[in-house]
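Since the structure comes first, as structure tokens, the remarks are kept for the end.
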Amino acid sequence: MTGDLLERARAALQSEPRVRLHEHPVHLQFADGVMTVEGEVPSVAAKKLALEGLAALPEVSAIIDRLHVAPAERMGDGQIRDLVRDALLQESAFDEMSILEEHQGEIRPIRLPPTGSRGEVRYMVADGIVTLSGEMPGLGRKRLAGVLAWWVPGSRDVVNGIAVSPPEEDSDEEMTDAVRIALEKDPFVEATQIRVATRNRTVTLTGLVRNENERHMAEFDAWCVFGVDRVENEIEV
């Protein structure tokens, strides 16, 4: 039974061309309804699509995700930490928030707003994996922090554990707004030429851009938004 399931799981991954299983081997284990997936895939899109394909198998009730993304540039954890720090400090949406760095069990304040904080973001990096925690007002800010972490070239994964206070109900409209903000923040994308729509965690991009690279970057930005499960790129060049 387990052998048959693993064969079907591997077939599901092979059927998704972005996963490129022949170039990026993935290890699968299954026990008691839990699928463990481990390996390195070529992109954020490949990671999310692989997890979606495995979750669709009826026998799978939970997934242990040890799937990481091949970084655009191999970097040490220290360099990644510095780039994450700079990205958070330079983002005006976080100007009134405390920013803390965690490293080897120690927490170092990077910025403590003198007039009191409207939230806190904490980051740590281990083996190229960026973990975000803390508390922020609004899902949009949480998602923006995750996008900035994904944009660091050495990031192999982003674990976004930031809490939202007060709690905020998610929606297609909220996710659409988050994707729009990511596009507006990207200096390589002319966001005014791109339309965004979301339905059931699937984002559809339409519009007209100057070149294929800009089209690709717009899609990448949408995949980086926390909670987006699929991106349909209908942008024309």
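Residues in the structure tokens are named by chain (A, B, ... in the order shown) and by number from 1 within that chain; ligands are numbered from 1 in the order shown.
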
Among the residues of range 15-233 of chain A, find those DSSP assigns to alpha helix (DSSP H) from the backbone and print them as a PDB file with C-alpha atoms, in the first residue's frame.
ATOM      1  CA  VAL A  44       9.195  28.898  -5.187  1.00  0.00           C
ATOM      2  CA  ALA A  45       6.583  27.896  -7.771  1.00  0.00           C
ATOM      3  CA  ALA A  46       7.982  24.353  -7.914  1.00  0.00           C
ATOM      4  CA  LYS A  47       7.914  24.059  -4.128  1.00  0.00           C
ATOM      5  CA  LYS A  48       4.291  25.180  -3.819  1.00  0.00           C
ATOM      6  CA  LEU A  49       3.099  23.070  -6.750  1.00  0.00           C
ATOM      7  CA  ALA A  50       4.884  19.991  -5.397  1.00  0.00           C
ATOM      8  CA  LEU A  51       3.233  20.411  -2.007  1.00  0.00           C
ATOM      9  CA  GLU A  52      -0.153  20.974  -3.652  1.00  0.00           C
ATOM     10  CA  GLY A  53       0.229  17.792  -5.701  1.00  0.00           C
ATOM     11  CA  LEU A  54       1.124  15.708  -2.652  1.00  0.00           C
ATOM     12  CA  ALA A  55      -1.695  17.199  -0.573  1.00  0.00           C
ATOM     13  CA  ASP A  77      23.968  32.613   6.525  1.00  0.00           C
ATOM     14  CA  GLY A  78      25.718  35.786   7.705  1.00  0.00           C
ATOM     15  CA  GLN A  79      25.358  37.446   4.321  1.00  0.00           C
ATOM     16  CA  ILE A  80      21.703  36.414   4.086  1.00  0.00           C
ATOM     17  CA  ARG A  81      21.060  37.795   7.588  1.00  0.00           C
ATOM     18  CA  ASP A  82      22.581  41.133   6.599  1.00  0.00           C
ATOM     19  CA  LEU A  83      20.438  41.360   3.470  1.00  0.00           C
ATOM     20  CA  VAL A  84      17.244  40.443   5.339  1.00  0.00           C
ATOM     21  CA  ARG A  85      18.098  43.042   7.998  1.00  0.00           C
ATOM     22  CA  ASP A  86      18.669  45.759   5.396  1.00  0.00           C
ATOM     23  CA  ALA A  87      15.457  44.908   3.535  1.00  0.00           C
ATOM     24  CA  LEU A  88      13.383  45.177   6.732  1.00  0.00           C
ATOM     25  CA  LEU A  89      15.080  48.404   7.831  1.00  0.00           C
ATOM     26  CA  GLN A  90      14.555  50.071   4.454  1.00  0.00           C
ATOM     27  CA  LEU A 139      -1.855  40.416   7.077  1.00  0.00           C
ATOM     28  CA  GLY A 140      -0.508  42.711   4.389  1.00  0.00           C
ATOM     29  CA  ARG A 141       2.568  43.590   6.427  1.00  0.00           C
ATOM     30  CA  LYS A 142       3.162  39.941   7.309  1.00  0.00           C
ATOM     31  CA  ARG A 143       3.041  39.025   3.634  1.00  0.00           C
ATOM     32  CA  LEU A 144       5.332  41.906   2.671  1.00  0.00           C
ATOM     33  CA  ALA A 145       7.959  40.747   5.183  1.00  0.00           C
ATOM     34  CA  GLY A 146       7.848  37.285   3.617  1.00  0.00           C
ATOM     35  CA  VAL A 147       8.249  38.658   0.094  1.00  0.00           C
ATOM     36  CA  LEU A 148      11.279  40.713   1.140  1.00  0.00           C
ATOM     37  CA  ALA A 149      12.868  37.598   2.646  1.00  0.00           C
ATOM     38  CA  TRP A 150      12.233  35.599  -0.542  1.00  0.00           C
ATOM     39  CA  TRP A 151      13.817  38.366  -2.604  1.00  0.00           C
ATOM     40  CA  ASP A 172      -9.229  36.869  -1.915  1.00  0.00           C
ATOM     41  CA  GLU A 173      -9.292  40.675  -1.809  1.00  0.00           C
ATOM     42  CA  GLU A 174      -6.605  40.794   0.888  1.00  0.00           C
ATOM     43  CA  MET A 175      -4.379  38.447  -1.103  1.00  0.00           C
ATOM     44  CA  THR A 176      -4.907  40.501  -4.262  1.00  0.00           C
ATOM     45  CA  ASP A 177      -3.829  43.639  -2.387  1.00  0.00           C
ATOM     46  CA  ALA A 178      -0.710  41.856  -1.095  1.00  0.00           C
ATOM     47  CA  VAL A 179       0.301  40.790  -4.614  1.00  0.00           C
ATOM     48  CA  ARG A 180      -0.275  44.333  -5.905  1.00  0.00           C
ATOM     49  CA  ILE A 181       1.975  45.726  -3.155  1.00  0.00           C
ATOM     50  CA  ALA A 182       4.705  43.210  -4.010  1.00  0.00           C
ATOM     51  CA  LEU A 183       4.552  44.236  -7.669  1.00  0.00           C
ATOM     52  CA  GLU A 184       4.681  47.924  -6.736  1.00  0.00           C
ATOM     53  CA  LYS A 185       7.747  47.343  -4.550  1.00  0.00           C
ATOM     54  CA  GLU A 212       9.771  38.398 -21.038  1.00  0.00           C
ATOM     55  CA  ASN A 213      11.984  39.041 -18.020  1.00  0.00           C
ATOM     56  CA  GLU A 214       9.453  41.484 -16.554  1.00  0.00           C
ATOM     57  CA  ARG A 215       6.685  38.955 -17.162  1.00  0.00           C
ATOM     58  CA  HIS A 216       8.707  36.327 -15.305  1.00  0.00           C
ATOM     59  CA  MET A 217       9.516  38.685 -12.402  1.00  0.00           C
ATOM     60  CA  ALA A 218       5.843  39.591 -11.931  1.00  0.00           C
ATOM     61  CA  GLU A 219       4.940  35.916 -11.648  1.00  0.00           C
ATOM     62  CA  PHE A 220       7.823  35.284  -9.242  1.00  0.00           C
ATOM     63  CA  ASP A 221       6.593  38.120  -6.996  1.00  0.00           C
ATOM     64  CA  ALA A 222       3.107  36.605  -6.849  1.00  0.00           C
ATOM     65  CA  TRP A 223       4.462  33.145  -5.935  1.00  0.00           C
TER      66      TRP A 223
END

Which residues of range 145-191 of chain A come within 10 Å of range 100-122 of chain A, and for each one, what is the closest pair of atoms and their distance in Å to one decimal, counting only C-alpha atoms, sorted by chain and residue number, as a tab-separated table?
residue	atom	partner	partner_atom	distance
A:Ala145	CA	A:Val121	CA	8.5
A:Gly161	CA	A:Arg122	CA	9.6
A:Ile162	CA	A:Val121	CA	7.2
A:Ala163	CA	A:Val121	CA	9.4
A:Val164	CA	A:Gly119	CA	9.3
A:Ser165	CA	A:Gly119	CA	8.6

Can you list, as a PyMOL selection string, all residues belonging to range 1-176 of chain A that DSSP tags as strand (DSSP E)? chain A and resi 26-31+34-41+62-69+98-103+106-111+120-126+129-136+157-160+163-164

Find the residues near Leu5 in chain A: any atom within 9 Å, counting only C-alpha atoms, skip ones fewer than 4 places away on the same chain, and give them as an MDAnalysis selection string. chainID A and resid 1 9:10 30 57 59

Using only N, CA and C atoms, please write the residues we just selected to a file, as a PDB file, in the first residue's frame.
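What landed in selection.pdb:
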ATOM      1  N   MET A   1       0.834  -1.214   0.000  1.00  0.00           N
ATOM      2  CA  MET A   1       0.000   0.000   0.000  1.00  0.00           C
ATOM      3  C   MET A   1       0.866   1.260   0.000  1.00  0.00           C
ATOM      4  N   ALA A   9       2.666   9.317  -5.711  1.00  0.00           N
ATOM      5  CA  ALA A   9       3.180  10.626  -5.286  1.00  0.00           C
ATOM      6  C   ALA A   9       4.296  11.081  -6.212  1.00  0.00           C
ATOM      7  N   ARG A  10       5.199  10.157  -6.532  1.00  0.00           N
ATOM      8  CA  ARG A  10       6.300  10.504  -7.429  1.00  0.00           C
ATOM      9  C   ARG A  10       5.768  10.823  -8.838  1.00  0.00           C
ATOM     10  N   PHE A  30       6.357   7.979   3.815  1.00  0.00           N
ATOM     11  CA  PHE A  30       4.956   8.044   4.224  1.00  0.00           C
ATOM     12  C   PHE A  30       4.708   7.081   5.374  1.00  0.00           C
ATOM     13  N   LEU A  57      -3.368  13.914  -2.761  1.00  0.00           N
ATOM     14  CA  LEU A  57      -3.517  12.467  -2.629  1.00  0.00           C
ATOM     15  C   LEU A  57      -4.431  12.155  -1.449  1.00  0.00           C
ATOM     16  N   GLU A  59      -4.876   9.761   0.584  1.00  0.00           N
ATOM     17  CA  GLU A  59      -4.328   9.104   1.781  1.00  0.00           C
ATOM     18  C   GLU A  59      -3.493  10.052   2.640  1.00  0.00           C
TER      19      GLU A  59
END

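Using only C-alpha atoms, the residues found no farther than 6 Å from Val237 in chain A, other than those of its own chain fewer than 2 positions away, are Leu208, Val209, Arg210 and Asn211 of chain A.
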
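For the residues A:Pro187, A:Gly39, A:Gly138, A:Gly154, ranking by smallest atom-to-atom distance to Glu168 in chain A using only C-alpha atoms places A:Gly138 first.
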
Distance of CA of Ala62 in chain A from CA of Phe226 in chain A, expressed in Å to one decimal place: 18.8 Å
